[in-house]
>>> print(open('run18.txt').read())   # compact mmCIF, C-alpha atoms
# COMPACT_ATOMS: atom_id res chain seq x y z
CA MET O 1120 -28.49 -6.78 -5.00
CA ASN O 1121 -24.73 -6.61 -4.40
CA GLN O 1122 -23.55 -6.70 -0.79
CA THR O 1123 -21.96 -3.58 0.65
CA TYR O 1124 -18.73 -3.66 2.64
CA THR O 1125 -16.95 -1.42 5.10
CA LEU O 1126 -13.18 -1.25 5.09
CA LEU O 1127 -13.06 -3.41 8.22
CA SER O 1128 -15.49 -6.02 6.88
CA LEU O 1129 -13.33 -6.27 3.76
CA CYS O 1130 -10.29 -6.77 6.02
CA GLU O 1131 -12.21 -9.50 7.84
CA ALA O 1132 -13.05 -11.23 4.56
CA TYR O 1133 -9.40 -11.44 3.46
CA GLN O 1134 -6.17 -12.15 5.25
CA LYS O 1135 -4.44 -9.48 3.20
CA ILE O 1136 -5.50 -6.52 1.09
CA GLU O 1137 -2.58 -5.84 -1.20
CA ILE O 1138 -2.12 -2.70 -3.27
CA PRO O 1139 -0.13 -4.35 -6.08
CA ILE O 1140 3.24 -3.26 -7.42
CA ILE O 1141 1.68 -2.33 -10.78
CA GLN O 1142 -0.68 0.21 -9.20
CA ARG O 1143 0.02 3.92 -9.44
CA ASN O 1144 0.94 5.97 -6.38
CA TYR O 1145 -1.62 7.13 -3.87
CA VAL O 1146 -2.27 10.68 -5.07
CA GLN O 1147 -5.56 11.74 -3.46
CA GLY O 1148 -3.77 13.41 -0.57
CA ASN O 1149 -1.52 15.52 -2.82
CA ASN O 1150 -4.41 17.40 -4.41
CA GLU O 1151 -5.53 20.00 -1.88
CA THR O 1152 -8.92 20.60 -3.51
CA ILE O 1153 -9.82 16.92 -3.87
CA ARG O 1154 -8.74 15.95 -0.37
CA HIS O 1155 -10.53 18.93 1.21
CA HIS O 1156 -13.87 18.16 -0.40
CA PHE O 1157 -13.62 14.39 0.10
CA VAL O 1158 -12.68 14.65 3.79
CA LYS O 1159 -15.41 17.23 4.40
CA TYR O 1160 -17.93 14.92 2.74
CA LEU O 1161 -16.90 11.97 4.93
CA VAL O 1162 -16.67 13.95 8.17
CA ASP O 1163 -20.06 15.60 7.63
CA ALA O 1164 -21.59 12.18 7.04
CA LEU O 1165 -20.02 10.80 10.24
CA ILE O 1166 -21.23 13.73 12.31
CA GLN O 1167 -24.75 13.50 10.90
CA GLN O 1168 -24.70 9.69 11.00
CA SER O 1169 -25.67 9.64 7.34
CA PRO O 1170 -24.95 6.46 5.32
CA VAL O 1171 -22.32 6.87 2.60
CA GLU O 1172 -21.87 4.59 -0.40
CA LEU O 1173 -18.59 5.04 -2.27
CA ASP O 1174 -19.61 3.18 -5.42
CA PHE O 1175 -17.83 -0.02 -6.55
CA VAL O 1176 -14.42 -1.35 -5.60
CA TYR O 1177 -13.13 -3.83 -8.17
CA GLY O 1178 -10.45 -6.37 -7.48
CA ALA O 1179 -8.90 -9.77 -8.03
CA GLU O 1180 -8.34 -12.61 -5.61
CA ARG O 1181 -5.46 -15.03 -5.15
CA GLN O 1182 -4.25 -17.60 -2.64
CA ASP O 1183 -0.95 -16.99 -0.89
CA SER O 1184 0.66 -20.18 0.37
CA GLN O 1185 3.03 -18.22 2.61
CA LEU O 1186 0.10 -16.69 4.48
CA ILE O 1187 -1.33 -20.17 4.99
CA ASP O 1188 1.99 -21.53 6.27
CA ASN O 1189 2.43 -18.60 8.67
CA CYS O 1190 -1.08 -18.77 10.07
CA ALA O 1191 -1.38 -19.71 13.73
CA PRO O 1192 -3.65 -22.76 14.13
CA ASN O 1193 -6.11 -20.92 16.39
CA ASN O 1194 -6.49 -18.11 13.86
CA CYS O 1195 -7.07 -20.23 10.78
CA ALA O 1196 -10.45 -19.45 9.29
CA SER O 1197 -12.06 -19.57 5.88
CA GLN O 1198 -10.19 -16.44 4.73
CA VAL O 1199 -6.72 -17.88 5.45
CA GLY O 1200 -4.45 -17.38 2.47
CA LYS O 1201 -6.99 -15.25 0.62
CA VAL O 1202 -5.57 -12.02 -0.78
CA PHE O 1203 -7.66 -9.22 -2.25
CA ILE O 1204 -5.92 -7.06 -4.88
CA PRO O 1205 -7.76 -3.78 -5.50
CA LEU O 1206 -7.62 -2.81 -9.16
CA ASP O 1207 -10.00 0.12 -8.93
CA GLY O 1208 -10.70 1.81 -5.60
CA GLN O 1209 -7.12 2.12 -4.34
CA GLN O 1210 -7.44 5.86 -3.67
CA ARG O 1211 -10.71 5.58 -1.73
CA LEU O 1212 -9.57 2.55 0.25
CA THR O 1213 -6.30 4.23 1.22
CA THR O 1214 -8.07 7.38 2.40
CA LEU O 1215 -10.49 5.25 4.44
CA TRP O 1216 -7.56 3.33 5.92
CA LEU O 1217 -5.88 6.57 7.01
CA LEU O 1218 -9.17 7.87 8.43
CA HIS O 1219 -9.65 4.66 10.44
CA GLY O 1220 -6.17 4.92 11.91
CA TYR O 1221 -6.62 8.58 12.73
CA LEU O 1222 -9.90 7.98 14.55
CA LEU O 1223 -8.29 5.21 16.58
CA ALA O 1224 -5.56 7.61 17.66
CA LEU O 1225 -8.05 10.40 18.36
CA GLU O 1226 -10.28 8.16 20.44
CA GLN O 1227 -7.39 7.34 22.75
CA MET O 1228 -7.15 11.06 23.55
CA ASN O 1229 -10.81 11.19 24.58
CA ASN O 1230 -12.68 9.63 27.46
CA THR O 1231 -16.17 8.80 26.24
CA SER O 1232 -18.64 6.11 27.22
CA ASP O 1233 -18.67 4.57 23.73
CA GLN O 1234 -14.89 4.37 23.50
CA LEU O 1235 -13.32 1.09 22.40
CA SER O 1236 -11.69 -1.05 25.07
CA PRO O 1237 -7.92 -1.68 24.74
CA GLU O 1238 -8.70 -5.21 23.51
CA GLU O 1239 -11.13 -3.91 20.90
CA ARG O 1240 -8.64 -1.27 19.75
CA GLU O 1241 -5.93 -3.90 19.37
CA ALA O 1242 -8.29 -6.07 17.33
CA GLN O 1243 -9.12 -3.18 14.98
CA CYS O 1244 -5.43 -2.39 14.52
CA GLN O 1245 -4.74 -6.01 13.64
CA LEU O 1246 -7.43 -5.85 10.98
CA LEU O 1247 -6.05 -2.60 9.58
CA ALA O 1248 -2.58 -4.21 9.42
CA ARG O 1249 -3.95 -6.49 6.69
CA PHE O 1250 -3.93 -3.48 4.35
CA VAL O 1251 -0.48 -3.52 2.70
CA TYR O 1252 1.11 -1.32 0.05
CA GLU O 1253 3.38 -3.15 -2.40
CA THR O 1254 3.80 -0.28 -4.88
CA ARG O 1255 6.98 0.87 -3.15
CA GLN O 1256 8.90 -0.53 -0.18
CA SER O 1257 9.04 2.98 1.27
CA ALA O 1258 5.22 3.23 1.19
CA LYS O 1259 4.90 -0.20 2.78
CA ASP O 1260 7.34 0.73 5.55
CA PHE O 1261 5.64 4.05 6.22
CA CYS O 1262 2.22 2.41 6.56
CA GLY O 1263 3.60 -0.12 9.03
CA TYR O 1264 5.25 2.53 11.19
CA TRP O 1265 2.18 4.78 11.09
CA LEU O 1266 0.00 1.95 12.35
CA GLN O 1267 2.48 1.22 15.15
CA GLU O 1268 2.23 4.85 16.27
CA VAL O 1269 -1.57 4.61 16.27
CA THR O 1270 -1.51 1.33 18.18
CA HIS O 1271 1.15 1.95 20.80
CA ARG O 1272 2.14 5.62 20.96
CA ALA O 1273 -0.92 7.72 20.11
CA CYS O 1274 -0.57 11.21 21.59
CA SER O 1275 -1.98 14.70 21.15
CA ALA O 1276 0.78 15.70 18.69
CA LEU O 1277 -0.10 12.74 16.46
CA VAL O 1278 -3.72 13.86 16.12
CA GLU O 1279 -3.11 17.62 16.05
CA THR O 1280 -0.18 17.86 13.60
CA PRO O 1281 0.31 14.32 12.22
CA SER O 1282 2.72 15.11 9.37
CA LYS O 1283 5.00 17.14 11.67
CA TYR O 1284 4.88 14.46 14.35
CA LEU O 1285 5.60 11.61 11.93
CA ARG O 1286 8.41 13.45 10.15
CA ASN O 1287 10.11 13.90 13.54
CA CYS O 1288 9.93 10.19 14.40
CA ALA O 1289 13.28 8.39 14.50
CA TRP O 1290 12.06 5.82 11.96
CA PHE O 1291 11.06 8.42 9.34
CA ASP O 1292 13.48 8.32 6.40
CA PRO O 1293 14.10 11.76 4.82
CA GLU O 1294 14.26 10.01 1.44
CA TRP O 1295 10.53 9.34 1.79
CA GLU O 1296 9.96 13.02 1.00
CA LYS O 1297 10.62 12.00 -2.62
CA GLU O 1298 7.98 9.26 -2.46
CA GLY O 1299 4.64 10.49 -3.80
CA THR O 1300 2.56 7.97 -1.87
CA VAL O 1301 4.13 8.90 1.47
CA THR O 1302 3.78 12.66 0.95
CA ALA O 1303 0.18 12.16 -0.17
CA MET O 1304 -0.60 10.16 2.98
CA LEU O 1305 0.94 12.89 5.14
CA GLY O 1306 -1.13 15.49 3.32
CA MET O 1307 -4.32 13.50 3.79
CA LEU O 1308 -3.62 12.99 7.50
CA ASP O 1309 -3.18 16.73 7.94
CA GLU O 1310 -6.47 17.31 6.12
CA VAL O 1311 -8.24 14.87 8.44
CA ALA O 1312 -6.55 16.51 11.44
CA SER O 1313 -7.99 19.88 10.36
CA LYS O 1314 -11.38 18.34 11.27
CA SER O 1315 -10.24 17.07 14.68
CA LYS O 1316 -12.68 19.28 16.62
CA GLU O 1317 -15.62 18.00 14.57
CA LEU O 1318 -14.41 14.42 15.00
CA GLN O 1319 -14.02 14.63 18.78
CA GLU O 1320 -17.49 13.23 19.41
CA VAL O 1321 -17.45 10.69 16.56
CA PRO O 1322 -16.94 7.15 17.91
CA PHE O 1323 -14.77 4.81 15.89
CA THR O 1324 -17.69 2.41 15.41
CA ARG O 1325 -19.57 5.03 13.40
CA LEU O 1326 -17.21 4.37 10.48
CA GLU O 1327 -19.50 1.48 9.60
CA HIS O 1328 -21.71 4.10 7.94
CA ILE O 1329 -19.12 4.44 5.15
CA ARG O 1330 -19.63 1.55 2.76
CA PHE O 1331 -18.94 0.50 -0.82
CA TYR O 1332 -19.87 -2.25 -3.23
CA TYR O 1333 -17.31 -4.92 -4.02
CA LEU O 1334 -16.95 -6.75 -7.32
CA SER O 1335 -14.48 -9.58 -7.94
CA ILE O 1336 -13.30 -9.62 -11.54
CA ASP O 1337 -12.51 -13.35 -11.13
CA LYS O 1338 -16.04 -14.18 -10.05
CA PHE O 1339 -17.54 -12.41 -13.03
CA GLY O 1340 -15.08 -13.74 -15.58
CA LEU O 1341 -13.43 -10.39 -16.23
CA SER O 1342 -9.79 -10.03 -17.19
CA ASN O 1343 -6.88 -7.77 -16.40
CA GLU O 1344 -7.84 -5.71 -19.46
CA LEU O 1345 -10.42 -4.11 -17.20
CA TYR O 1346 -7.64 -2.93 -14.91
CA ILE O 1347 -5.65 -1.57 -17.84
CA ARG O 1348 -8.62 0.52 -18.94
CA MET O 1349 -9.19 1.74 -15.38
CA ASN O 1350 -5.57 2.64 -14.82
CA ALA O 1351 -5.52 4.65 -18.04
CA ARG O 1352 -7.53 7.28 -16.18
CA GLY O 1353 -4.58 8.01 -13.93
CA GLU O 1354 -0.81 7.99 -14.04
CA GLN O 1355 0.59 5.74 -16.71
CA LEU O 1356 2.78 2.87 -15.60
CA THR O 1357 6.37 2.93 -16.78
CA SER O 1358 8.05 -0.04 -18.42
CA PHE O 1359 10.27 -0.32 -15.35
CA GLU O 1360 7.22 -0.67 -13.09
CA HIS O 1361 5.95 -3.43 -15.34
CA PHE O 1362 9.38 -5.04 -15.17
CA LYS O 1363 9.48 -4.97 -11.37
CA SER O 1364 6.04 -6.52 -11.16
CA SER O 1365 7.09 -9.37 -13.47
CA PHE O 1366 10.46 -9.77 -11.78
CA TYR O 1367 8.99 -10.09 -8.28
CA LYS O 1368 6.61 -12.77 -9.53
CA VAL O 1369 9.49 -14.75 -11.02
CA ILE O 1370 11.55 -14.63 -7.80
CA GLN O 1371 8.65 -14.87 -5.34
CA GLN O 1372 10.04 -18.12 -3.89
CA HIS O 1373 13.46 -16.63 -3.19
CA PRO O 1374 14.16 -16.50 0.58
CA LYS O 1375 15.62 -12.99 0.30
CA LEU O 1376 12.74 -11.46 -1.65
CA PRO O 1377 12.06 -8.71 0.97
CA GLU O 1378 15.77 -7.82 1.01
CA ILE O 1379 15.88 -7.65 -2.80
CA LYS O 1380 12.83 -5.38 -2.83
CA ARG O 1381 14.49 -3.12 -0.27
CA LYS O 1382 17.69 -2.93 -2.32
CA MET O 1383 15.77 -2.07 -5.49
CA GLU O 1384 14.06 0.81 -3.67
CA TYR O 1385 17.06 2.15 -1.73
CA ASP O 1386 20.57 0.65 -2.00
CA TRP O 1387 20.67 0.14 -5.76
CA VAL O 1388 19.07 3.52 -6.41
CA ASP O 1389 21.80 5.19 -4.34
CA ALA O 1390 24.53 3.21 -6.12
CA LEU O 1391 23.22 4.09 -9.59
CA TRP O 1392 22.10 7.66 -8.89
CA GLN O 1393 25.16 9.26 -10.47
CA TYR O 1394 24.54 7.31 -13.70
CA ARG O 1395 20.93 8.43 -14.24
CA PRO O 1396 20.16 10.28 -17.50
CA LYS O 1397 20.50 14.04 -17.41
CA ASP O 1398 17.50 15.99 -16.09
CA THR O 1399 15.81 12.87 -14.71
CA HIS O 1400 15.23 11.67 -11.16
CA VAL O 1401 15.00 7.93 -11.73
CA THR O 1402 17.61 5.20 -12.14
CA ASP O 1403 15.49 2.87 -14.30
CA HIS O 1404 17.74 3.08 -17.34
CA PRO O 1405 21.11 2.42 -15.62
CA PHE O 1406 19.52 -0.40 -13.61
CA MET O 1407 18.29 -2.16 -16.76
CA LYS O 1408 21.72 -1.79 -18.36
CA CYS O 1409 23.33 -3.24 -15.23
CA LEU O 1410 20.82 -6.08 -15.21
CA LYS O 1411 21.57 -6.90 -18.82
CA PHE O 1412 25.30 -7.01 -18.04
CA VAL O 1413 24.78 -9.30 -15.04
CA THR O 1414 22.56 -11.56 -17.15
CA GLU O 1415 25.26 -11.85 -19.80
CA VAL O 1416 27.75 -12.78 -17.07
CA LEU O 1417 25.34 -15.47 -15.88
CA HIS O 1418 25.13 -16.79 -19.41
CA SER O 1419 28.92 -17.02 -19.58
CA LYS O 1420 28.83 -18.99 -16.33
CA GLY O 1421 26.48 -21.55 -17.83
CA TYR O 1422 23.02 -20.19 -16.97
CA PRO O 1423 20.36 -20.02 -19.72
CA LYS O 1424 20.67 -16.89 -21.83
CA GLY O 1425 18.10 -14.18 -21.08
CA THR O 1426 17.68 -10.42 -21.18
CA GLU O 1427 15.58 -7.91 -19.33
CA ASP O 1428 12.79 -8.80 -21.75
CA ASN O 1429 12.92 -12.47 -20.78
CA ILE O 1430 13.64 -12.47 -17.08
CA GLU O 1431 11.66 -15.64 -16.44
CA ILE O 1432 14.26 -17.64 -18.37
CA ALA O 1433 17.24 -15.84 -16.89
CA TYR O 1434 16.22 -15.87 -13.24
CA LYS O 1435 14.01 -18.88 -12.71
CA ASN O 1436 17.10 -20.44 -11.11
CA LEU O 1437 17.31 -19.08 -7.54
CA ASP O 1438 21.11 -19.23 -7.64
CA ALA O 1439 21.01 -16.70 -10.45
CA VAL O 1440 18.91 -14.38 -8.31
CA THR O 1441 21.38 -14.76 -5.45
CA TYR O 1442 24.22 -13.85 -7.82
CA LEU O 1443 22.34 -10.69 -8.87
CA GLU O 1444 21.55 -9.77 -5.29
CA HIS O 1445 25.21 -9.95 -4.28
>>> encode(input="run18.txt", output="structure tokens")
Amino acid sequence: MNQTYTLLSLCEAYQKIEIPIIQRNYVQGNNETIRHHFVKYLVDALIQQSPVELDFVYGAERQDSQLIDNCAPNNCASQVGKVFIPLDGQQRLTTLWLLHGYLLALEQMNNTSDQLSPEEREAQCQLLARFVYETRQSAKDFCGYWLQEVTHRACSALVETPSKYLRNCAWFDPEWEKEGTVTAMLGMLDEVASKSKELQEVPFTRLEHIRFYYLSIDKFGLSNELYIRMNARGEQLTSFEHFKSSFYKVIQQHPKLPEIKRKMEYDWVDALWQYRPKDTHVTDHPFMKCLKFVTEVLHSKGYPKGTEDNIEIAYKNLDAVTYLEH
């Protein structure tokens, strides 16, 4: 029989749970009907203390040398460097992650005998911080700021009207209103907040009733073709999303990788916005044309010739990546 996991036990088993760049946006919170029924189902189960099994979560594993290098000696355990990459289950895991954060914030507003101690709350927040979105830098930033609010600045406004509260925070970027994952998370938080009265008496520890089965595609000899079939059920990936995934892998050793990711999501989009094709809201096409031009310049300067279809050849030299970044 396969072992069941909670979100927190999965976070304990891995040093990082990474929603990969090739995944589609989080969309569960943007569909009012779906989010209403799913949240009601979870909240009713928590109130009644009924076990919930959310079927299988499939994923891949990898080792991250940077996580190993950055690990404090006293915190190094068997999971150090282990990264779990959900390939199916992203929507459910994200909703559970938001629900966990919300209950942590709500519990701070209450004064019950089974409330977590400050040390226990900090420990749970540290576990939840292992859940990281890599689909968009904006989504990753939003998740980090949301968790900081839950950890350090939880207040009645955060649990009563979360989307309004978060939108009014100084760190909230108005451009995130165009980001589907962020708006979906705000929508889901508001849906959870609509059940705040029912959740008042639900201790955070009761979330252990919500469980799922976990299957590693590596362990069972499955391939990424499984993910492709799964993803076909949802939003199709664009060629530019595939490109970014490949590009980030090629330049993963570059010291300015986070800065390059930020520029691709914000600075370069702003710079190329006026050149986007008519009646579109993406800058994929002008960026690829610009990349091709820069690559040709690199070739003229003595770097190996490469195009956007062969970025591994063109940008395996870190100096070439630095030239592009500047």
>>> residues_near_point(input="run18.txt", point="(-17.9, -3.3, -10.7)", cutoff="8 Å", atoms="all atoms listed in the file", output="list in words")
Phe1175, Val1176, Tyr1177, Tyr1332, Tyr1333, Leu1334, Ser1335 and Ile1336 of chain O
>>> closest_residue(input="run18.txt", among="O:Tyr1221, O:Phe1203, O:Tyr1284, O:Phe1366", to="Ala1132 of chain O", atoms="only C-alpha atoms")
O:Phe1203
>>> atom_distance(input="run18.txt", atom1="atom CA of Phe1261 of chain O", atom2="atom CA of Trp1295 of chain O")
8.5 Å
>>> closest_residue(input="run18.txt", among="O:Val1311, O:Gln1243, O:Val1388, O:Val1158", to="His1404 of chain O", atoms="all atoms listed in the file")
O:Val1388
>>> closest_residue(input="run18.txt", among="O:Asp1183, O:Pro1281, O:Lys1159, O:Gln1147", to="Gly1299 of chain O", atoms="only C-alpha atoms")
O:Gln1147
>>> closest_residue(input="run18.txt", among="O:Leu1266, O:Leu1235, O:Val1440, O:Leu1161", to="Leu1376 of chain O", atoms="all atoms listed in the file")
O:Val1440
>>> closest_residue(input="run18.txt", among="O:Thr1213, O:Ser1315, O:Lys1363, O:Cys1274", to="Ile1140 of chain O", atoms="all atoms listed in the file")
O:Lys1363
>>> closest_residue(input="run18.txt", among="O:Leu1223, O:Ala1258, O:Ile1166, O:Gln1142", to="Gln1209 of chain O", atoms="all atoms listed in the file")
O:Gln1142
>>> atom_distance(input="run18.txt", atom1="atom CA of Asp1163 of chain O", atom2="atom CA of Ser1128 of chain O")
22.1 Å
>>> residues_around(input="run18.txt", residues="Lys1375 of chain O", least_positions_apart="6", cutoff="10 Å", atoms="all atoms listed in the file", output="PyMOL selection string")
chain O and resi 1381+1440-1441+1444
>>> residues_around(input="run18.txt", residues="His1155 of chain O", least_positions_apart="5", cutoff="12 Å", atoms="all atoms listed in the file", output="PyMOL selection string")
chain O and resi 1147-1150+1160-1163+1214+1306-1314
>>> build_atoms(input="run18.txt", residues="segment 1140-1166 of chain O", atoms="N, CA and C atoms", output="PDB file, in the frame of the given file")
ATOM      1  N   ILE O1140       2.078  -4.011  -6.945  1.00  0.00           N
ATOM      2  CA  ILE O1140       3.240  -3.260  -7.420  1.00  0.00           C
ATOM      3  C   ILE O1140       2.926  -2.489  -8.695  1.00  0.00           C
ATOM      4  N   ILE O1141       1.973  -2.990  -9.500  1.00  0.00           N
ATOM      5  CA  ILE O1141       1.680  -2.330 -10.780  1.00  0.00           C
ATOM      6  C   ILE O1141       0.745  -1.140 -10.608  1.00  0.00           C
ATOM      7  N   GLN O1142       0.208  -0.917  -9.406  1.00  0.00           N
ATOM      8  CA  GLN O1142      -0.680   0.210  -9.200  1.00  0.00           C
ATOM      9  C   GLN O1142       0.103   1.522  -9.183  1.00  0.00           C
ATOM     10  N   ARG O1143      -0.589   2.601  -9.534  1.00  0.00           N
ATOM     11  CA  ARG O1143       0.020   3.920  -9.440  1.00  0.00           C
ATOM     12  C   ARG O1143       0.112   4.344  -7.976  1.00  0.00           C
ATOM     13  N   ASN O1144       0.796   5.448  -7.733  1.00  0.00           N
ATOM     14  CA  ASN O1144       0.940   5.970  -6.380  1.00  0.00           C
ATOM     15  C   ASN O1144      -0.411   6.406  -5.822  1.00  0.00           C
ATOM     16  N   TYR O1145      -0.482   6.481  -4.515  1.00  0.00           N
ATOM     17  CA  TYR O1145      -1.620   7.130  -3.870  1.00  0.00           C
ATOM     18  C   TYR O1145      -1.453   8.624  -4.082  1.00  0.00           C
ATOM     19  N   VAL O1146      -2.420   9.265  -4.709  1.00  0.00           N
ATOM     20  CA  VAL O1146      -2.270  10.680  -5.070  1.00  0.00           C
ATOM     21  C   VAL O1146      -3.373  11.557  -4.485  1.00  0.00           C
ATOM     22  N   GLN O1147      -4.413  10.961  -3.922  1.00  0.00           N
ATOM     23  CA  GLN O1147      -5.560  11.740  -3.460  1.00  0.00           C
ATOM     24  C   GLN O1147      -5.167  12.794  -2.438  1.00  0.00           C
ATOM     25  N   GLY O1148      -4.173  12.477  -1.613  1.00  0.00           N
ATOM     26  CA  GLY O1148      -3.770  13.410  -0.570  1.00  0.00           C
ATOM     27  C   GLY O1148      -2.891  14.547  -1.058  1.00  0.00           C
ATOM     28  N   ASN O1149      -2.383  14.464  -2.294  1.00  0.00           N
ATOM     29  CA  ASN O1149      -1.520  15.520  -2.820  1.00  0.00           C
ATOM     30  C   ASN O1149      -2.301  16.631  -3.491  1.00  0.00           C
ATOM     31  N   ASN O1150      -3.575  16.385  -3.782  1.00  0.00           N
ATOM     32  CA  ASN O1150      -4.410  17.400  -4.410  1.00  0.00           C
ATOM     33  C   ASN O1150      -5.243  18.076  -3.327  1.00  0.00           C
ATOM     34  N   GLU O1151      -4.901  19.309  -3.013  1.00  0.00           N
ATOM     35  CA  GLU O1151      -5.530  20.000  -1.880  1.00  0.00           C
ATOM     36  C   GLU O1151      -7.040  20.120  -2.048  1.00  0.00           C
ATOM     37  N   THR O1152      -7.481  20.419  -3.272  1.00  0.00           N
ATOM     38  CA  THR O1152      -8.920  20.600  -3.510  1.00  0.00           C
ATOM     39  C   THR O1152      -9.678  19.288  -3.334  1.00  0.00           C
ATOM     40  N   ILE O1153      -9.145  18.221  -3.941  1.00  0.00           N
ATOM     41  CA  ILE O1153      -9.820  16.920  -3.870  1.00  0.00           C
ATOM     42  C   ILE O1153      -9.875  16.423  -2.433  1.00  0.00           C
ATOM     43  N   ARG O1154      -8.754  16.496  -1.728  1.00  0.00           N
ATOM     44  CA  ARG O1154      -8.740  15.950  -0.370  1.00  0.00           C
ATOM     45  C   ARG O1154      -9.630  16.767   0.562  1.00  0.00           C
ATOM     46  N   HIS O1155      -9.684  18.080   0.355  1.00  0.00           N
ATOM     47  CA  HIS O1155     -10.530  18.930   1.210  1.00  0.00           C
ATOM     48  C   HIS O1155     -11.997  18.562   1.057  1.00  0.00           C
ATOM     49  N   HIS O1156     -12.453  18.459  -0.167  1.00  0.00           N
ATOM     50  CA  HIS O1156     -13.870  18.160  -0.400  1.00  0.00           C
ATOM     51  C   HIS O1156     -14.225  16.738   0.015  1.00  0.00           C
ATOM     52  N   PHE O1157     -13.313  15.779  -0.238  1.00  0.00           N
ATOM     53  CA  PHE O1157     -13.620  14.390   0.100  1.00  0.00           C
ATOM     54  C   PHE O1157     -13.661  14.202   1.622  1.00  0.00           C
ATOM     55  N   VAL O1158     -12.703  14.777   2.328  1.00  0.00           N
ATOM     56  CA  VAL O1158     -12.680  14.650   3.790  1.00  0.00           C
ATOM     57  C   VAL O1158     -13.885  15.351   4.396  1.00  0.00           C
ATOM     58  N   LYS O1159     -14.237  16.519   3.895  1.00  0.00           N
ATOM     59  CA  LYS O1159     -15.410  17.230   4.400  1.00  0.00           C
ATOM     60  C   LYS O1159     -16.673  16.394   4.208  1.00  0.00           C
ATOM     61  N   TYR O1160     -16.778  15.767   3.046  1.00  0.00           N
ATOM     62  CA  TYR O1160     -17.930  14.920   2.740  1.00  0.00           C
ATOM     63  C   TYR O1160     -18.030  13.757   3.740  1.00  0.00           C
ATOM     64  N   LEU O1161     -16.905  13.102   4.011  1.00  0.00           N
ATOM     65  CA  LEU O1161     -16.900  11.970   4.930  1.00  0.00           C
ATOM     66  C   LEU O1161     -17.162  12.407   6.366  1.00  0.00           C
ATOM     67  N   VAL O1162     -16.504  13.478   6.796  1.00  0.00           N
ATOM     68  CA  VAL O1162     -16.670  13.950   8.170  1.00  0.00           C
ATOM     69  C   VAL O1162     -18.099  14.415   8.423  1.00  0.00           C
ATOM     70  N   ASP O1163     -18.671  15.148   7.477  1.00  0.00           N
ATOM     71  CA  ASP O1163     -20.060  15.600   7.630  1.00  0.00           C
ATOM     72  C   ASP O1163     -21.000  14.403   7.766  1.00  0.00           C
ATOM     73  N   ALA O1164     -20.752  13.374   6.978  1.00  0.00           N
ATOM     74  CA  ALA O1164     -21.590  12.180   7.040  1.00  0.00           C
ATOM     75  C   ALA O1164     -21.456  11.477   8.395  1.00  0.00           C
ATOM     76  N   LEU O1165     -20.231  11.426   8.935  1.00  0.00           N
ATOM     77  CA  LEU O1165     -20.020  10.800  10.240  1.00  0.00           C
ATOM     78  C   LEU O1165     -20.699  11.582  11.349  1.00  0.00           C
ATOM     79  N   ILE O1166     -20.614  12.900  11.278  1.00  0.00           N
ATOM     80  CA  ILE O1166     -21.230  13.730  12.310  1.00  0.00           C
ATOM     81  C   ILE O1166     -22.756  13.592  12.275  1.00  0.00           C
TER      82      ILE O1166
END
